[in-house]
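J.: Data: target-v4.txt, compact mmCIF, C-alpha atoms and all ligand atoms.
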# COMPACT_ATOMS: atom_id res chain seq x y z
CA MET A 1 -136.41 -195.75 113.58
CA PRO A 2 -135.99 -199.50 113.03
CA GLY A 3 -139.25 -201.39 112.72
CA LEU A 4 -141.37 -198.25 113.06
CA GLN A 5 -143.03 -198.43 109.66
CA GLN A 6 -143.92 -202.08 110.16
CA ASP A 7 -145.32 -201.42 113.65
CA VAL A 8 -147.39 -198.49 112.38
CA GLN A 9 -148.58 -200.50 109.40
CA GLU A 10 -149.79 -203.28 111.71
CA ILE A 11 -151.76 -200.74 113.74
CA ILE A 12 -153.28 -199.27 110.57
CA GLN A 13 -154.26 -202.71 109.32
CA ARG A 14 -155.92 -203.55 112.62
CA HIS A 15 -158.08 -200.51 111.91
CA ARG A 16 -158.68 -201.69 108.31
CA SER A 17 -157.05 -198.47 107.00
CA GLN A 18 -160.15 -196.52 108.01
CA VAL A 19 -159.63 -192.77 107.96
CA SER A 20 -162.40 -192.50 110.55
CA HIS A 21 -160.08 -194.42 112.93
CA LEU A 22 -157.32 -191.82 112.65
CA ILE A 23 -157.52 -190.78 116.32
CA ALA A 24 -157.51 -194.40 117.51
CA ILE A 25 -154.51 -195.13 115.24
CA LEU A 26 -152.64 -192.14 116.64
CA GLN A 27 -153.51 -193.24 120.19
CA GLU A 28 -152.07 -196.71 119.56
CA VAL A 29 -148.92 -195.34 117.96
CA GLN A 30 -148.43 -193.03 120.92
CA GLN A 31 -149.03 -195.87 123.35
CA LYS A 32 -146.26 -197.83 121.67
CA TYR A 33 -143.69 -195.02 121.33
CA ARG A 34 -144.86 -192.70 124.14
CA TYR A 35 -145.06 -189.94 121.49
CA LEU A 36 -145.87 -189.53 117.80
CA PRO A 37 -142.68 -189.71 115.74
CA GLU A 38 -142.77 -187.60 112.54
CA GLU A 39 -141.94 -190.68 110.51
CA ALA A 40 -145.06 -192.38 111.87
CA LEU A 41 -147.28 -189.42 110.99
CA ALA A 42 -145.91 -189.37 107.44
CA HIS A 43 -146.48 -193.11 107.11
CA ILE A 44 -150.06 -192.84 108.38
CA ALA A 45 -150.83 -190.08 105.85
CA THR A 46 -149.47 -192.17 102.97
CA ALA A 47 -151.12 -195.40 104.12
CA LEU A 48 -154.53 -193.77 104.63
CA ASN A 49 -154.12 -191.72 101.46
CA ILE A 50 -154.90 -188.45 103.19
CA PRO A 51 -152.96 -185.15 103.23
CA PRO A 52 -150.14 -185.06 105.82
CA ALA A 53 -151.59 -181.76 107.07
CA MET A 54 -154.72 -183.62 108.16
CA VAL A 55 -152.72 -186.07 110.28
CA TRP A 56 -150.57 -183.27 111.74
CA GLY A 57 -153.71 -181.23 112.35
CA VAL A 58 -155.26 -183.96 114.48
CA ALA A 59 -151.96 -184.77 116.23
CA THR A 60 -151.45 -181.15 117.24
CA PHE A 61 -155.09 -180.36 118.08
CA TYR A 62 -155.52 -182.82 120.94
CA ALA A 63 -153.57 -182.26 124.14
CA GLN A 64 -153.33 -186.03 124.66
CA PHE A 65 -150.85 -186.29 121.77
CA SER A 66 -147.19 -185.37 121.97
CA LEU A 67 -144.83 -184.78 119.08
CA LYS A 68 -141.88 -184.76 121.46
CA PRO A 69 -140.35 -187.94 122.91
CA LYS A 70 -141.42 -188.63 126.48
CA GLY A 71 -139.81 -190.55 129.27
CA LYS A 72 -140.71 -194.02 130.42
CA TYR A 73 -142.01 -192.46 133.62
CA ILE A 74 -144.22 -189.43 133.16
CA ILE A 75 -144.46 -187.54 136.42
CA ARG A 76 -147.25 -184.98 136.48
CA VAL A 77 -147.25 -182.36 139.19
CA CYS A 78 -150.61 -180.70 139.63
CA ASN A 79 -150.35 -176.95 139.73
CA GLY A 80 -154.04 -176.19 140.00
CA THR A 81 -155.10 -173.67 142.64
CA ALA A 82 -155.38 -176.07 145.59
CA CYS A 83 -152.05 -177.74 144.81
CA HIS A 84 -150.34 -174.46 143.99
CA VAL A 85 -151.18 -172.90 147.35
CA ARG A 86 -149.94 -176.05 149.10
CA GLY A 87 -146.50 -175.91 147.51
CA ALA A 88 -146.72 -177.67 144.12
CA GLU A 89 -144.07 -175.36 142.73
CA HIS A 90 -141.52 -176.58 145.31
CA ILE A 91 -142.29 -180.17 144.36
CA HIS A 92 -141.82 -179.40 140.69
CA MET A 93 -138.56 -177.55 141.34
CA ALA A 94 -137.20 -180.38 143.49
CA LEU A 95 -137.86 -182.92 140.73
CA CYS A 96 -136.35 -180.76 137.98
CA LYS A 97 -133.28 -180.05 140.07
CA GLU A 98 -132.76 -183.71 140.96
CA LEU A 99 -133.15 -184.81 137.34
CA GLY A 100 -131.01 -181.95 135.99
CA LEU A 101 -133.83 -180.60 133.84
CA LYS A 102 -133.23 -177.08 132.62
CA GLU A 103 -135.96 -174.51 132.10
CA ASP A 104 -138.35 -175.61 129.34
CA GLN A 105 -136.86 -179.12 129.38
CA GLU A 106 -139.36 -181.75 130.45
CA THR A 107 -137.64 -185.00 129.55
CA THR A 108 -134.28 -186.39 130.64
CA ALA A 109 -131.73 -187.14 127.92
CA ASP A 110 -131.91 -190.89 128.68
CA LEU A 111 -135.70 -190.79 128.09
CA GLN A 112 -136.40 -192.25 131.51
CA PHE A 113 -138.31 -189.34 133.06
CA THR A 114 -140.66 -186.61 131.92
CA VAL A 115 -141.83 -184.02 134.42
CA GLU A 116 -144.91 -181.98 133.53
CA THR A 117 -147.15 -179.58 135.33
CA VAL A 118 -150.89 -179.89 134.80
CA SER A 119 -153.95 -178.07 135.99
CA CYS A 120 -156.37 -179.63 138.45
CA LEU A 121 -156.32 -183.43 138.49
CA GLY A 122 -159.64 -183.52 140.32
CA ALA A 123 -158.22 -184.66 143.65
CA CYS A 124 -157.94 -181.27 145.33
CA GLY A 125 -158.67 -182.77 148.77
CA LEU A 126 -155.33 -184.56 148.48
CA ALA A 127 -153.36 -181.48 147.37
CA PRO A 128 -150.58 -181.27 146.45
CA VAL A 129 -150.97 -184.16 144.03
CA VAL A 130 -148.50 -186.00 141.78
CA THR A 131 -149.29 -188.79 139.32
CA ILE A 132 -147.00 -191.37 137.73
CA ASN A 133 -147.88 -192.52 134.22
CA ASP A 134 -151.49 -191.48 134.87
CA ARG A 135 -151.92 -194.68 136.87
CA LYS A 136 -150.79 -193.92 140.37
CA VAL A 137 -151.91 -190.89 142.32
CA TYR A 138 -149.88 -189.58 145.26
CA GLY A 139 -151.44 -186.99 147.54
CA GLN A 140 -150.21 -184.58 150.20
CA MET A 141 -146.75 -184.65 148.71
CA THR A 142 -143.77 -182.68 149.90
CA PRO A 143 -140.49 -182.10 148.03
CA GLU A 144 -138.91 -184.76 150.29
CA ASP A 145 -141.69 -187.27 149.51
CA VAL A 146 -141.41 -186.74 145.78
CA LEU A 147 -137.65 -187.24 145.84
CA LYS A 148 -138.14 -190.54 147.69
CA LEU A 149 -140.73 -191.51 145.10
CA LEU A 150 -138.25 -190.63 142.35
CA GLN A 151 -135.54 -192.75 143.96
CA GLY A 152 -137.94 -195.69 143.98
CA LEU A 153 -138.66 -195.19 140.28
CA GLN A 154 -134.95 -194.92 139.50
CA ARG A 155 -134.32 -198.21 141.33
CA GLU A 156 -137.19 -199.81 139.43
CA ALA A 157 -135.82 -198.51 136.10
CA GLU A 158 -132.37 -199.90 136.90
CA ALA A 159 -133.81 -203.29 137.83
CA VAL A 160 -135.79 -203.43 134.57
CA GLU A 161 -132.68 -202.49 132.60
CA ARG A 162 -130.65 -205.21 134.32
CA ARG A 163 -133.36 -207.77 133.54
CA GLU A 164 -133.46 -206.65 129.89
CA ASN A 165 -129.66 -206.92 129.62
CA ILE A 166 -129.72 -210.48 130.99
CA ALA A 167 -132.58 -211.59 128.71
S1 LIG A 201 -155.73 -178.40 142.16
FE1 LIG A 201 -154.49 -180.16 142.20
S2 LIG A 201 -155.92 -181.76 142.25
FE2 LIG A 201 -157.13 -180.01 142.08
Show how you would write the structure in this file as structure tokens.

T.:
Amino acid sequence: MPGLQQDVQEIIQRHRSQVSHLIAILQEVQQKYRYLPEEALAHIATALNIPPAMVWGVATFYAQFSLKPKGKYIIRVCNGTACHVRGAEHIHMALCKELGLKEDQETTADLQFTVETVSCLGACGLAPVVTINDRKVYGQMTPEDVLKLLQGLQREAEAVERRENIA
């Protein structure tokens, strides 16, 4: 991946190559790439002079880390009890169908969207709940609502792409 080693090295240097900062380093790498590329993990192990198994161990232990590429928009559908009984599964199915995601596939090929199910998001009173990039919370969703939400995100993604092409 072009520039990856340099980017990762900058992050490591900001943490003064401290092994005790391994989790923070991994968090920053993931923030930048939306996942932890293998090449980055290998580079971190070499740069910190620790066994690769230690870096992989931490990266796979914590649920916050992903070794698989994720989309620009991460849509989480809560499937905790309250959301499940209020139709979360239909919301999830509508999203997967619309995005052409097959069973066990969470991310679209163009890396724009990732759809995940999660257990209780702590907003059961708003069930069924959907979040976008862990920043926006949408409650009392229906399959129709979530498809409208998706259309809005698709328009936003297209507008960003147009801007990036012009720049
Ligand atoms: S079960 Fe979905 S927010 Fe609690």

J.: I want to know what sits within 12 Å of Arg135 in chain A, based on all atoms listed in the file, with residues of the same chain fewer than 4 positions away left out; could you give that as a list in words?

T.: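 Residues meeting the cut-off are Tyr73, Ile74, Ile75, Arg76, Val130 and Thr131 of chain A.
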
J.: Write out as a list of chain:residue names the residues lying within 12 Å of Leu147 in chain A, counting all atoms listed in the file and excluding same-chain residues fewer than 6 positions away.

T.: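 Final neighbour list, sorted by chain and number: A:Ile75, A:His90, A:Ile91, A:His92, A:Met93, A:Ala94, A:Leu95, A:Cys96, A:Lys97, A:Glu98, A:Leu99, A:Val130, A:Met141, A:Leu153, A:Gln154.
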
J.: Given the choices A:Pro128, A:Lys136, A:Gln112, A:Glu10, which gets closest to Ala82 in chain A if the distance is worked out from only C-alpha atoms?

T.: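 Of A:Pro128, A:Lys136, A:Gln112, A:Glu10, the one nearest Ala82 in chain A is A:Pro128, counting only C-alpha atoms.
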
J.: Neighbours of ligand LIG 201 (chain A) within 7 Å, counting only C-alpha atoms and all ligand atoms, as a PyMOL selection string?

T.: chain A and resi 78-84+119-124+126-129

J.: Kindly list the centre and edge lengths in Å, rounded to one decimal, for the axis-aligned box that covers all listed atoms of range 39-48 of chain A plus 5 Å on each of its six sides, as lines of an AutoDock Vina configuration file.

T.:
center_x = -148.2
center_y = -192.4
center_z = 107.4
size_x = 22.6
size_y = 16.0
size_z = 18.9

J.: Find the distance between CA of Glu116 in chain A and CA of Leu41 in chain A and write it in Å to one decimal.

T.: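 Rounded to one decimal, the two atoms are 23.9 Å apart.
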
J.: Between A:Val77, A:Val55, A:Val115, A:Leu48, which residue has the minimum interatomic distance to Glu89 in chain A, considering only C-alpha atoms?

T.: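 Ranked by minimum distance to Glu89 in chain A, first place goes to A:Val77.
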
J.: Provide the CA of Ala157 in chain A to CA of Ala59 in chain A distance in Å, to one decimal place.

T.: 29.1 Å

J.: Please report the interatomic distance between CA of Gln9 in chain A and CA of Ala40 in chain A in Å with one decimal.

T.: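 Between CA of Gln9 in chain A and CA of Ala40 in chain A the gap works out to 9.2 Å.
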